[in-house]
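Coordinates as given in structure11.txt (compact mmCIF, C-alpha atoms):
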```txt
# COMPACT_ATOMS: atom_id res chain seq x y z
CA MET A 1 -22.56 -12.95 -53.51
CA ARG A 2 -23.24 -10.41 -50.78
CA PHE A 3 -23.26 -13.24 -48.20
CA ALA A 4 -19.93 -14.50 -49.47
CA VAL A 5 -18.37 -11.05 -49.15
CA ILE A 6 -19.62 -10.69 -45.58
CA VAL A 7 -18.33 -14.16 -44.66
CA SER A 8 -14.96 -13.44 -46.29
CA PHE A 9 -14.68 -10.12 -44.47
CA GLY A 10 -15.61 -11.80 -41.19
CA LEU A 11 -13.05 -14.57 -41.69
CA ALA A 12 -10.39 -12.00 -42.53
CA ALA A 13 -11.20 -10.09 -39.36
CA VAL A 14 -11.02 -13.26 -37.28
CA THR A 15 -7.71 -14.21 -38.93
CA LEU A 16 -6.31 -10.72 -38.27
CA SER A 17 -7.45 -10.94 -34.68
CA MET A 18 -5.84 -14.37 -34.29
CA ASN A 19 -2.63 -13.08 -35.85
CA ASN A 20 -2.60 -10.20 -33.37
CA THR A 21 -2.97 -12.66 -30.52
CA ALA A 22 -0.38 -14.96 -32.00
CA SER A 23 2.06 -12.08 -32.38
CA ALA A 24 1.86 -11.36 -28.64
CA ASP A 25 5.42 -11.82 -27.50
CA PRO A 26 6.17 -11.26 -23.81
CA ALA A 27 9.91 -11.62 -24.51
CA ALA A 28 9.80 -8.70 -26.97
CA GLY A 29 7.79 -6.81 -24.39
CA GLU A 30 10.47 -7.44 -21.79
CA ASP A 31 13.06 -6.04 -24.21
CA ALA A 32 10.89 -2.92 -24.62
CA PHE A 33 10.47 -2.76 -20.82
CA ASN A 34 14.22 -2.76 -20.34
CA ALA A 35 14.94 -0.47 -23.30
CA ASN A 36 12.56 2.12 -21.84
CA LYS A 37 14.39 1.81 -18.51
CA CYS A 38 11.22 0.69 -16.69
CA SER A 39 13.45 -1.79 -14.87
CA ASP A 40 15.30 1.11 -13.22
CA CYS A 41 12.30 1.58 -10.90
CA HIS A 42 10.25 -1.63 -11.10
CA TYR A 43 11.32 -5.23 -10.51
CA THR A 44 9.53 -8.01 -12.33
CA ARG A 45 10.88 -11.24 -10.88
CA GLY A 46 9.06 -12.59 -7.84
CA PRO A 47 8.80 -13.48 -5.08
CA ALA A 48 8.80 -10.26 -3.08
CA ARG A 49 12.29 -9.12 -2.07
CA GLU A 50 11.55 -6.58 0.66
CA LYS A 51 12.23 -7.69 4.23
CA THR A 52 12.65 -4.38 6.05
CA ILE A 53 11.26 -0.85 5.92
CA ALA A 54 14.63 0.25 4.51
CA ASP A 55 14.20 -2.29 1.66
CA GLN A 56 10.80 -0.80 0.82
CA LEU A 57 12.04 2.78 1.06
CA ALA A 58 14.90 1.96 -1.31
CA LYS A 59 12.41 1.12 -4.09
CA LYS A 60 11.70 3.85 -6.64
CA GLY A 61 8.40 2.37 -7.80
CA PRO A 62 5.98 -0.50 -7.20
CA GLU A 63 7.00 -4.09 -7.84
CA LEU A 64 5.45 -5.55 -10.98
CA TRP A 65 6.15 -9.26 -10.62
CA TYR A 66 2.41 -10.00 -10.32
CA ALA A 67 1.20 -7.25 -12.70
CA GLY A 68 -0.67 -9.70 -14.91
CA SER A 69 -2.80 -10.77 -11.96
CA LYS A 70 -3.26 -7.24 -10.62
CA PHE A 71 -4.16 -5.09 -13.61
CA GLN A 72 -6.73 -5.14 -16.36
CA GLN A 73 -5.01 -5.27 -19.75
CA PRO A 74 -6.94 -2.46 -21.55
CA TRP A 75 -6.35 -0.07 -18.67
CA LEU A 76 -2.65 -0.91 -18.48
CA GLU A 77 -2.03 -0.40 -22.19
CA GLN A 78 -3.82 2.93 -22.15
CA TRP A 79 -2.14 4.10 -18.94
CA LEU A 80 1.36 3.39 -20.24
CA GLN A 81 0.66 5.81 -23.09
CA ASP A 82 -0.83 8.50 -20.87
CA PRO A 83 0.23 7.85 -17.28
CA GLN A 84 -1.72 9.91 -14.78
CA PRO A 85 -0.73 9.71 -11.09
CA ILE A 86 -2.41 6.91 -9.13
CA ARG A 87 -1.00 8.11 -5.84
CA ASN A 88 -1.54 11.62 -4.52
CA MET A 89 1.71 11.37 -2.59
CA LYS A 90 5.13 10.67 -4.07
CA TYR A 91 6.01 6.97 -3.86
CA ASN A 92 7.18 6.07 -0.34
CA SER A 93 6.65 9.62 0.94
CA VAL A 94 4.20 11.09 3.45
CA THR A 95 5.48 14.63 3.04
CA GLU A 96 5.88 15.20 -0.71
CA GLU A 97 3.05 15.27 -3.22
CA ASN A 98 3.31 13.17 -6.34
CA PRO A 99 4.87 15.43 -8.98
CA GLY A 100 3.63 13.17 -11.81
CA GLY A 101 5.82 12.84 -14.85
CA HIS A 102 5.89 9.04 -15.13
CA PRO A 103 7.53 8.33 -18.50
CA LYS A 104 5.13 7.78 -21.41
CA LEU A 105 5.43 4.96 -23.90
CA ALA A 106 4.58 5.14 -27.59
CA ALA A 107 1.58 3.02 -28.61
CA GLY A 108 3.70 0.17 -29.99
CA ASP A 109 5.91 -0.09 -26.93
CA ALA A 110 2.88 0.26 -24.64
CA ALA A 111 1.21 -2.72 -26.33
CA SER A 112 4.40 -4.73 -26.20
CA VAL A 113 5.20 -3.91 -22.56
CA THR A 114 1.59 -4.65 -21.62
CA GLU A 115 1.94 -8.13 -23.15
CA PHE A 116 5.01 -8.69 -21.03
CA LEU A 117 3.49 -7.38 -17.81
CA MET A 118 0.26 -9.32 -18.30
CA SER A 119 2.36 -12.50 -18.58
CA LEU A 120 3.58 -11.93 -14.99
CA THR A 121 0.96 -13.70 -12.93
CA SER A 122 0.74 -15.06 -9.41
CA SER A 123 -0.57 -18.49 -8.51
CA ASP A 124 -1.96 -16.89 -5.34
CA VAL A 125 -4.68 -15.18 -7.36
CA GLU A 126 -7.56 -17.53 -8.06
CA ALA A 127 -9.69 -16.50 -11.03
CA GLY A 128 -13.45 -16.12 -11.05
CA ILE A 129 -14.15 -15.65 -7.34
CA ILE A 130 -15.03 -11.95 -7.14
CA LYS A 131 -17.75 -10.28 -9.16
CA PRO A 132 -18.05 -6.48 -8.83
CA LYS A 133 -21.02 -5.67 -6.63
CA ARG A 134 -22.10 -2.69 -4.54
CA HIS A 135 -22.10 -4.95 -1.53
CA PRO A 136 -23.58 -3.25 1.61
CA MET A 137 -21.23 -5.24 3.87
CA GLY A 138 -18.25 -4.29 1.70
CA ARG A 139 -19.23 -0.63 1.81
CA LEU A 140 -19.70 -0.68 5.58
CA ILE A 141 -16.28 -2.26 6.12
CA PHE A 142 -14.54 0.02 3.62
CA VAL A 143 -16.03 3.26 4.89
CA LYS A 144 -16.62 2.59 8.57
CA LYS A 145 -15.66 -0.70 10.21
CA MET A 146 -12.10 -0.65 8.89
CA PRO A 147 -10.35 2.55 7.90
CA CYS A 148 -9.72 1.73 4.21
CA SER A 149 -11.13 5.12 3.25
CA GLY A 150 -8.70 6.84 5.60
CA CYS A 151 -5.82 6.19 3.21
CA HIS A 152 -7.42 5.51 -0.19
CA GLN A 153 -9.36 7.95 -2.36
CA PHE A 154 -12.70 6.51 -3.37
CA PRO A 155 -15.91 7.78 -5.00
CA GLY A 156 -17.54 8.84 -1.72
CA ARG A 157 -20.25 11.49 -1.36
CA LYS A 158 -18.87 13.81 1.32
CA PHE A 159 -15.61 12.24 2.45
CA THR A 160 -13.64 11.04 -0.56
CA GLY A 161 -10.77 9.33 1.22
CA GLY A 162 -7.20 9.93 2.31
CA ASN A 163 -4.04 10.43 0.29
CA SER A 164 -1.32 8.12 1.54
CA GLY A 165 -2.39 4.96 -0.27
CA PRO A 166 -2.94 4.45 -3.98
CA SER A 167 -6.19 6.07 -5.12
CA LEU A 168 -8.98 3.58 -5.73
CA LEU A 169 -10.89 5.88 -8.06
CA HIS A 170 -11.43 3.86 -11.27
CA ALA A 171 -10.35 0.68 -9.46
CA GLY A 172 -13.13 -1.07 -11.37
CA THR A 173 -11.30 -0.59 -14.65
CA ARG A 174 -7.73 -0.70 -13.28
CA LEU A 175 -7.67 -3.70 -10.95
CA ASN A 176 -8.57 -7.35 -11.30
CA PRO A 177 -11.31 -7.99 -8.69
CA ASP A 178 -9.80 -11.40 -7.87
CA TRP A 179 -6.45 -9.75 -7.17
CA ILE A 180 -8.05 -7.28 -4.73
CA TYR A 181 -9.37 -10.22 -2.72
CA ALA A 182 -6.09 -12.15 -2.96
CA TYR A 183 -4.20 -9.05 -1.82
CA LEU A 184 -6.42 -8.63 1.23
CA LYS A 185 -6.14 -12.33 2.03
CA ASN A 186 -2.39 -12.79 1.48
CA ILE A 187 -0.97 -9.30 1.63
CA ASP A 188 2.43 -10.44 2.92
CA THR A 189 2.92 -12.57 -0.18
CA PHE A 190 2.54 -9.62 -2.50
CA LYS A 191 3.92 -6.82 -0.36
CA PRO A 192 5.60 -7.95 2.86
CA VAL A 193 6.51 -4.38 3.91
CA ARG A 194 3.88 -1.72 3.29
CA ALA A 195 2.03 1.03 5.17
CA MET A 196 -1.27 -0.87 4.99
CA PRO A 197 -2.32 -3.14 7.86
CA ASN A 198 -2.79 -6.86 7.36
CA PHE A 199 -6.54 -7.42 7.70
CA SER A 200 -6.45 -11.17 7.17
CA GLY A 201 -7.52 -12.81 10.41
CA ILE A 202 -9.21 -9.57 11.47
CA LEU A 203 -11.77 -9.63 8.67
CA SER A 204 -13.39 -12.95 7.77
CA ASP A 205 -12.98 -14.44 4.31
CA ARG A 206 -16.53 -13.42 3.46
CA GLU A 207 -15.89 -9.86 4.62
CA MET A 208 -12.72 -9.60 2.52
CA GLN A 209 -14.62 -10.87 -0.52
CA SER A 210 -17.32 -8.25 0.06
CA VAL A 211 -14.73 -5.46 0.26
CA ALA A 212 -13.07 -6.68 -2.96
CA ALA A 213 -16.46 -6.82 -4.73
CA TYR A 214 -17.27 -3.30 -3.50
CA VAL A 215 -13.91 -1.80 -4.52
CA ALA A 216 -14.25 -3.43 -7.94
CA THR A 217 -17.30 -1.23 -8.60
CA PHE A 218 -15.38 2.04 -8.19
CA GLU A 219 -15.56 4.23 -11.26
CA MET B 1 45.78 -1.42 34.58
CA ALA B 2 43.54 1.49 35.61
CA LYS B 3 43.99 3.01 32.16
CA SER B 4 42.92 -0.28 30.58
CA LYS B 5 39.76 -0.42 32.74
CA PHE B 6 38.97 3.17 31.86
CA THR B 7 39.36 2.45 28.13
CA THR B 8 37.11 -0.60 28.41
CA ALA B 9 34.44 1.42 30.23
CA VAL B 10 34.56 4.17 27.60
CA LEU B 11 34.26 1.63 24.79
CA LEU B 12 31.28 -0.01 26.52
CA LEU B 13 29.60 3.34 27.00
CA VAL B 14 30.16 4.30 23.37
CA GLY B 15 28.78 0.90 22.30
CA MET B 16 25.70 1.31 24.46
CA LEU B 17 25.08 4.81 23.17
CA GLY B 18 25.36 3.44 19.64
CA VAL B 19 22.71 0.79 20.37
CA VAL B 20 20.38 3.37 21.96
CA THR B 21 20.80 5.72 18.98
CA ALA B 22 20.14 2.90 16.51
CA GLN B 23 16.99 1.90 18.42
CA ALA B 24 15.76 5.50 18.45
CA GLU B 25 16.37 5.85 14.73
CA GLU B 26 14.54 2.58 14.10
CA ALA B 27 11.56 3.74 16.17
CA GLU B 28 11.40 6.98 14.21
CA GLN B 29 11.52 5.04 10.95
CA ILE B 30 8.66 2.77 12.10
CA PHE B 31 6.62 5.80 13.14
CA ASN B 32 7.22 7.65 9.88
CA PHE B 33 6.41 4.58 7.80
CA TYR B 34 3.20 3.44 9.50
CA CYS B 35 1.86 6.24 11.70
CA ALA B 36 2.83 9.50 10.00
CA GLN B 37 0.35 8.97 7.17
CA CYS B 38 -2.35 10.12 9.62
CA HIS B 39 -0.46 11.51 12.61
CA GLY B 40 2.19 13.45 10.65
CA VAL B 41 5.97 13.14 10.88
CA GLU B 42 6.01 15.43 13.92
CA GLY B 43 3.15 13.48 15.52
CA LYS B 44 0.82 16.46 15.59
CA GLY B 45 -2.12 14.67 13.97
CA ASN B 46 -1.68 16.36 10.62
CA GLY B 47 -0.55 13.62 8.22
CA PRO B 48 -1.36 13.74 4.50
CA ASN B 49 -4.58 11.75 5.00
CA VAL B 50 -6.06 14.45 7.19
CA THR B 51 -7.91 16.48 4.63
CA GLU B 52 -10.64 19.02 5.42
CA ASP B 53 -13.37 16.41 5.42
CA PHE B 54 -11.40 13.68 7.24
CA PRO B 55 -13.99 12.33 9.70
CA VAL B 56 -11.84 12.55 12.86
CA ASP B 57 -8.89 14.44 14.30
CA PRO B 58 -6.02 11.97 14.68
CA ARG B 59 -4.35 12.25 18.05
CA ASP B 60 -1.70 14.92 18.51
CA PHE B 61 1.07 13.02 20.30
CA THR B 62 2.77 16.22 21.38
CA GLN B 63 -0.12 17.13 23.72
CA ALA B 64 1.29 15.87 27.00
CA GLU B 65 -1.87 16.50 29.03
CA GLU B 66 -3.84 14.12 26.79
CA MET B 67 -1.10 11.54 26.40
CA GLU B 68 -0.58 11.38 30.17
CA LYS B 69 -4.10 9.97 30.50
CA LEU B 70 -2.99 6.84 28.61
CA SER B 71 -0.84 4.16 30.18
CA ASP B 72 1.78 2.42 28.06
CA ALA B 73 -0.51 -0.61 28.06
CA ASP B 74 -3.35 1.56 26.67
CA ILE B 75 -1.09 2.81 23.88
CA LYS B 76 0.02 -0.72 22.99
CA ASN B 77 -3.59 -1.91 23.00
CA VAL B 78 -4.71 0.83 20.62
CA ILE B 79 -1.83 0.08 18.25
CA LEU B 80 -2.56 -3.65 18.30
CA GLU B 81 -6.36 -3.60 18.32
CA GLY B 82 -7.30 -0.25 16.77
CA GLY B 83 -9.23 2.79 18.00
CA PRO B 84 -12.47 1.06 19.03
CA ILE B 85 -10.68 -0.85 21.82
CA VAL B 86 -10.59 2.46 23.75
CA SER B 87 -13.88 3.75 22.34
CA LYS B 88 -12.05 5.84 19.76
CA SER B 89 -12.45 6.04 16.02
CA GLU B 90 -12.33 3.10 13.61
CA MET B 91 -10.06 5.31 11.53
CA MET B 92 -7.23 4.06 13.75
CA PRO B 93 -6.67 0.57 12.32
CA PRO B 94 -5.56 -2.55 14.18
CA TRP B 95 -1.86 -3.18 13.54
CA GLY B 96 -1.70 -6.42 15.51
CA LYS B 97 -1.28 -8.60 12.41
CA THR B 98 1.31 -6.27 10.91
CA LEU B 99 3.74 -5.04 13.57
CA SER B 100 5.95 -7.19 15.77
CA GLU B 101 5.91 -6.92 19.56
CA GLU B 102 9.32 -5.21 19.41
CA GLN B 103 8.03 -2.66 16.91
CA VAL B 104 5.01 -1.87 19.11
CA ASP B 105 7.29 -1.45 22.14
CA ALA B 106 9.57 0.84 20.13
CA LEU B 107 6.59 2.90 18.95
CA THR B 108 5.27 3.25 22.50
CA LYS B 109 8.64 4.60 23.65
CA TYR B 110 8.75 6.92 20.65
CA LEU B 111 5.30 8.34 21.47
CA ARG B 112 6.47 9.01 25.01
CA LYS B 113 9.40 10.88 23.53
CA LEU B 114 7.06 12.95 21.34
CA CYS B 115 4.84 13.93 24.27
CA ASN B 116 7.77 14.17 26.68
CA CYS B 117 5.52 12.59 29.27
CA VAL B 118 4.72 9.37 31.11
CA GLY B 119 1.33 7.80 31.58
CA ASN B 120 -0.34 8.71 34.87
CA ALA B 121 -1.57 5.15 35.20
CA ASP B 122 1.95 3.68 34.78
```
File written out as structure tokens:
Amino acid sequence: MRFAVIVSFGLAAVTLSMNNTASADPAAGEDAFNANKCSDCHYTRGPAREKTIADQLAKKGPELWYAGSKFQQPWLEQWLQDPQPIRNMKYNSVTEENPGGHPKLAAGDAASVTEFLMSLTSSDVEAGIIKPKRHPMGRLIFVKKMPCSGCHQFPGRKFTGGNSGPSLLHAGTRLNPDWIYAYLKNIDTFKPVRAMPNFSGILSDREMQSVAAYVATFE
Amino acid sequence: MAKSKFTTAVLLLVGMLGVVTAQAEEAEQIFNFYCAQCHGVEGKGNGPNVTEDFPVDPRDFTQAEEMEKLSDADIKNVILEGGPIVSKSEMMPPWGKTLSEEQVDALTKYLRKLCNCVGNAD
């Protein structure tokens, strides 16, 4: 009897879980995205539109057309409900600090919008290549050989990074490790006009993979 | 006839000034977008990345006596290849895969404007 109850409860839980998955509806999420005016600042249809610095400066917020390849779903859903600044500087500014105040979403809308954003993937991100690892080569490149730390906050001991780029604190829970590598490898595909140098062709493929693995360990 | 020539000359001059102004504005935009994050919008080496524990002092482009030591070719090389090409810090990244030749030329001219100097080796 007790066994039957446990099995029934387990089946119910599985069914509920499957129903939750089945109810995932990116189209409803897109409606919530637009209703919450997210589309006023973020575009979600690729490929990248920016061709000039003026194009980039005209944007109010980051493009999201590859969000499903870039972010980790649990982080995204949580962040939409309690958005803390990722950049120390205001978007597109090197003189004004980020004032914060990104709009918050209620839990239901956050889940729905997350479903939509996670459906926006890029075929340029190959899954299963990068595993988080405190790679000595990755660390050396990030901190010394190339000036990644000059612009990005990171969990360093003495020097904790610059302010102009997005902070990489908690990158291990925010970013998809495979996207970090794909971004380093094909940065022009994702962001043709940005303040970060193109390191592809300067760093080898192996070096870029080691940096991605290292960044993916950041807590 | 003379009046017509004069008008044409004035129009040409105005056109040329317009092109020069547009190029200067474009150079400033390139500088502010890529370089100011470390060198500051006034080029004094005090961009938002330069916190108390930043490992180096980015170059102050307004210091003519230092900037005069660099030729235009030196400046272009550093922009393209990064700091280590002139035994300077790795914190200056290589922009060779990012900026076009025209953008590097425009930046070099803009830096000369900031220092109000020419390179002694030029």
For the contact check between chain B and chain A, emit one row per residue of chain B within 12 Å, containing the shortest atom pair and the distance in Å rounded to one decimal, counting all atoms listed in the file, chain then rising number order, as JSON lines.
```
{"residue": "B:Glu25", "atom": "CA", "partner": "A:Ala54", "partner_atom": "CA", "distance": 11.8}
{"residue": "B:Glu26", "atom": "CA", "partner": "A:Ile53", "partner_atom": "CA", "distance": 9.5}
{"residue": "B:Ala27", "atom": "CA", "partner": "A:Ile53", "partner_atom": "CA", "distance": 11.2}
{"residue": "B:Glu28", "atom": "CA", "partner": "A:Ile53", "partner_atom": "CA", "distance": 11.4}
{"residue": "B:Gln29", "atom": "CA", "partner": "A:Ile53", "partner_atom": "CA", "distance": 7.7}
{"residue": "B:Ile30", "atom": "CA", "partner": "A:Ile53", "partner_atom": "CA", "distance": 7.6}
{"residue": "B:Phe31", "atom": "CA", "partner": "A:Ala195", "partner_atom": "CA", "distance": 10.4}
{"residue": "B:Asn32", "atom": "CA", "partner": "A:Val94", "partner_atom": "CA", "distance": 7.9}
{"residue": "B:Phe33", "atom": "CA", "partner": "A:Ala195", "partner_atom": "CA", "distance": 6.2}
{"residue": "B:Tyr34", "atom": "CA", "partner": "A:Ala195", "partner_atom": "CA", "distance": 5.1}
{"residue": "B:Cys35", "atom": "CA", "partner": "A:Ala195", "partner_atom": "CA", "distance": 8.4}
{"residue": "B:Ala36", "atom": "CA", "partner": "A:Val94", "partner_atom": "CA", "distance": 6.9}
{"residue": "B:Gln37", "atom": "CA", "partner": "A:Val94", "partner_atom": "CA", "distance": 5.8}
{"residue": "B:Cys38", "atom": "CA", "partner": "A:Gly150", "partner_atom": "CA", "distance": 8.2}
{"residue": "B:His39", "atom": "CA", "partner": "A:Val94", "partner_atom": "CA", "distance": 10.3}
{"residue": "B:Gly40", "atom": "CA", "partner": "A:Val94", "partner_atom": "CA", "distance": 7.8}
{"residue": "B:Val41", "atom": "CA", "partner": "A:Val94", "partner_atom": "CA", "distance": 7.9}
{"residue": "B:Glu42", "atom": "CA", "partner": "A:Thr95", "partner_atom": "CA", "distance": 10.9}
{"residue": "B:Asn46", "atom": "CA", "partner": "A:Thr95", "partner_atom": "CA", "distance": 10.6}
{"residue": "B:Gly47", "atom": "CA", "partner": "A:Val94", "partner_atom": "CA", "distance": 7.2}
{"residue": "B:Pro48", "atom": "CA", "partner": "A:Asn163", "partner_atom": "CA", "distance": 6.0}
{"residue": "B:Asn49", "atom": "CA", "partner": "A:Gly162", "partner_atom": "CA", "distance": 4.2}
{"residue": "B:Val50", "atom": "CA", "partner": "A:Gly162", "partner_atom": "CA", "distance": 6.7}
{"residue": "B:Thr51", "atom": "CA", "partner": "A:Gly162", "partner_atom": "CA", "distance": 7.0}
{"residue": "B:Glu52", "atom": "CA", "partner": "A:Phe159", "partner_atom": "CA", "distance": 8.9}
{"residue": "B:Asp53", "atom": "CA", "partner": "A:Phe159", "partner_atom": "CA", "distance": 5.6}
{"residue": "B:Phe54", "atom": "CA", "partner": "A:Phe159", "partner_atom": "CA", "distance": 6.5}
{"residue": "B:Pro55", "atom": "CA", "partner": "A:Phe159", "partner_atom": "CA", "distance": 7.4}
{"residue": "B:Val56", "atom": "CA", "partner": "A:Gly150", "partner_atom": "CA", "distance": 9.8}
{"residue": "B:Asp57", "atom": "CA", "partner": "A:Gly150", "partner_atom": "CA", "distance": 11.6}
{"residue": "B:Pro58", "atom": "CA", "partner": "A:Gly150", "partner_atom": "CA", "distance": 10.8}
{"residue": "B:Ile79", "atom": "CA", "partner": "A:Pro197", "partner_atom": "CA", "distance": 10.9}
{"residue": "B:Leu80", "atom": "CA", "partner": "A:Pro197", "partner_atom": "CA", "distance": 10.5}
{"residue": "B:Glu81", "atom": "CA", "partner": "A:Ile202", "partner_atom": "CA", "distance": 9.5}
{"residue": "B:Gly82", "atom": "CA", "partner": "A:Met146", "partner_atom": "CA", "distance": 9.2}
{"residue": "B:Gly83", "atom": "CA", "partner": "A:Met146", "partner_atom": "CA", "distance": 10.2}
{"residue": "B:Pro84", "atom": "CA", "partner": "A:Lys145", "partner_atom": "CA", "distance": 9.5}
{"residue": "B:Ser89", "atom": "CA", "partner": "A:Pro147", "partner_atom": "CA", "distance": 9.1}
{"residue": "B:Glu90", "atom": "CA", "partner": "A:Met146", "partner_atom": "CA", "distance": 6.0}
{"residue": "B:Met91", "atom": "CA", "partner": "A:Pro147", "partner_atom": "CA", "distance": 4.6}
{"residue": "B:Met92", "atom": "CA", "partner": "A:Pro147", "partner_atom": "CA", "distance": 6.8}
{"residue": "B:Pro93", "atom": "CA", "partner": "A:Pro147", "partner_atom": "CA", "distance": 6.1}
{"residue": "B:Pro94", "atom": "CA", "partner": "A:Pro197", "partner_atom": "CA", "distance": 7.1}
{"residue": "B:Trp95", "atom": "CA", "partner": "A:Pro197", "partner_atom": "CA", "distance": 5.7}
{"residue": "B:Gly96", "atom": "CA", "partner": "A:Asn198", "partner_atom": "CA", "distance": 8.2}
{"residue": "B:Lys97", "atom": "CA", "partner": "A:Asn198", "partner_atom": "CA", "distance": 5.6}
{"residue": "B:Thr98", "atom": "CA", "partner": "A:Asn198", "partner_atom": "CA", "distance": 5.5}
{"residue": "B:Leu99", "atom": "CA", "partner": "A:Pro197", "partner_atom": "CA", "distance": 8.5}
{"residue": "B:Gln103", "atom": "CA", "partner": "A:Ile53", "partner_atom": "CA", "distance": 11.6}
```
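Considering the residues A:Phe142, A:Lys191, A:Pro99, A:Glu77 and counting only C-alpha atoms, Asp55 of chain A has its shortest atom-to-atom contact with A:Lys191.
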Just the residues within 7 Å of Asn120 of chain B, please, counting all atoms listed in the file, with nothing from its chain fewer than 6 positions along; format it as a tab-separated table (two decimals) with C-alpha atoms, in the frame of the given file.
```tsv
chain	number	residue	atom	x	y	z
B	68	GLU	CA	-0.58	11.38	30.17
B	69	LYS	CA	-4.10	9.97	30.50
B	71	SER	CA	-0.84	4.16	30.18
```
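Proximity to His42 of chain A at 9 Å, evaluated using only C-alpha atoms and with sequence-adjacent residues fewer than 5 positions away removed, yields Lys59, Lys60, Gly61, Pro62, Glu63, Leu64 and Trp65 of chain A.
Using all atoms listed in the file, the nearest neighbour of Ser122 of chain A within the list A:Lys51, A:Gln209, A:Ala58, A:Ala182 is A:Ala182.
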Review point. Excluding same-chain residues fewer than 5 positions from Lys109 of chain B, what lies within 9 Å of it counting all atoms listed in the file, as a list of chain:residue names?
Key: B:Ala24, B:Ala27, B:Asp72, B:Val104, B:Leu114
Point to revise | Atomic separation - atom CA of Lys44 of chain B relative to atom CA of Val118 of chain B, Å | key: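 According to the coordinates, atom CA of Val118 of chain B and atom CA of Lys44 of chain B are separated by 17.5 Å.
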Exercise for review: Give the answer as one residue: which of A:Gly172, A:Gly138, A:Gly108, A:Pro166 has the shortest atom-to-atom distance to Phe33 of chain A, using only C-alpha atoms?
Suggested key: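 Among A:Gly172, A:Gly138, A:Gly108, A:Pro166, it is A:Gly108 that comes nearest to Phe33 of chain A.
The space between atom CA of Ala106 of chain B and atom CA of Gln23 of chain B spans 7.7 Å.
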Exercise for review: Quote the spacing between atom CA of Phe218 of chain A and atom CA of Leu169 of chain A in Å to one decimal place.
Suggested key: 5.9 Å
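Residue nearest Phe61 of chain B within the list B:Val78, B:Gly43, B:Tyr110, B:Asp105: B:Gly43 [criterion: smallest interatomic distance, all atoms listed in the file].
Candidate residues B:Asn116, B:Ser87, B:Asn77, B:Thr108 were compared for distance to Ala64 of chain B, and the nearest is B:Asn116, using all atoms listed in the file.
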For Pro103 of chain A, please output as a PDB file with C-alpha atoms, keeping the file's coordinate frame all residues within 12 Å (counting only C-alpha atoms; exclusion window: fewer than 4 positions along the same chain).
```pdb
ATOM      1  CA  PHE A  33      10.470  -2.760 -20.820  1.00  0.00           C
ATOM      2  CA  ASN A  36      12.560   2.120 -21.840  1.00  0.00           C
ATOM      3  CA  LYS A  37      14.390   1.810 -18.510  1.00  0.00           C
ATOM      4  CA  CYS A  38      11.220   0.690 -16.690  1.00  0.00           C
ATOM      5  CA  ASP A  40      15.300   1.110 -13.220  1.00  0.00           C
ATOM      6  CA  CYS A  41      12.300   1.580 -10.900  1.00  0.00           C
ATOM      7  CA  TRP A  79      -2.140   4.100 -18.940  1.00  0.00           C
ATOM      8  CA  LEU A  80       1.360   3.390 -20.240  1.00  0.00           C
ATOM      9  CA  GLN A  81       0.660   5.810 -23.090  1.00  0.00           C
ATOM     10  CA  ASP A  82      -0.830   8.500 -20.870  1.00  0.00           C
ATOM     11  CA  PRO A  83       0.230   7.850 -17.280  1.00  0.00           C
ATOM     12  CA  GLN A  84      -1.720   9.910 -14.780  1.00  0.00           C
ATOM     13  CA  PRO A  85      -0.730   9.710 -11.090  1.00  0.00           C
ATOM     14  CA  ALA A 110       2.880   0.260 -24.640  1.00  0.00           C
TER      15      ALA A 110
END
```
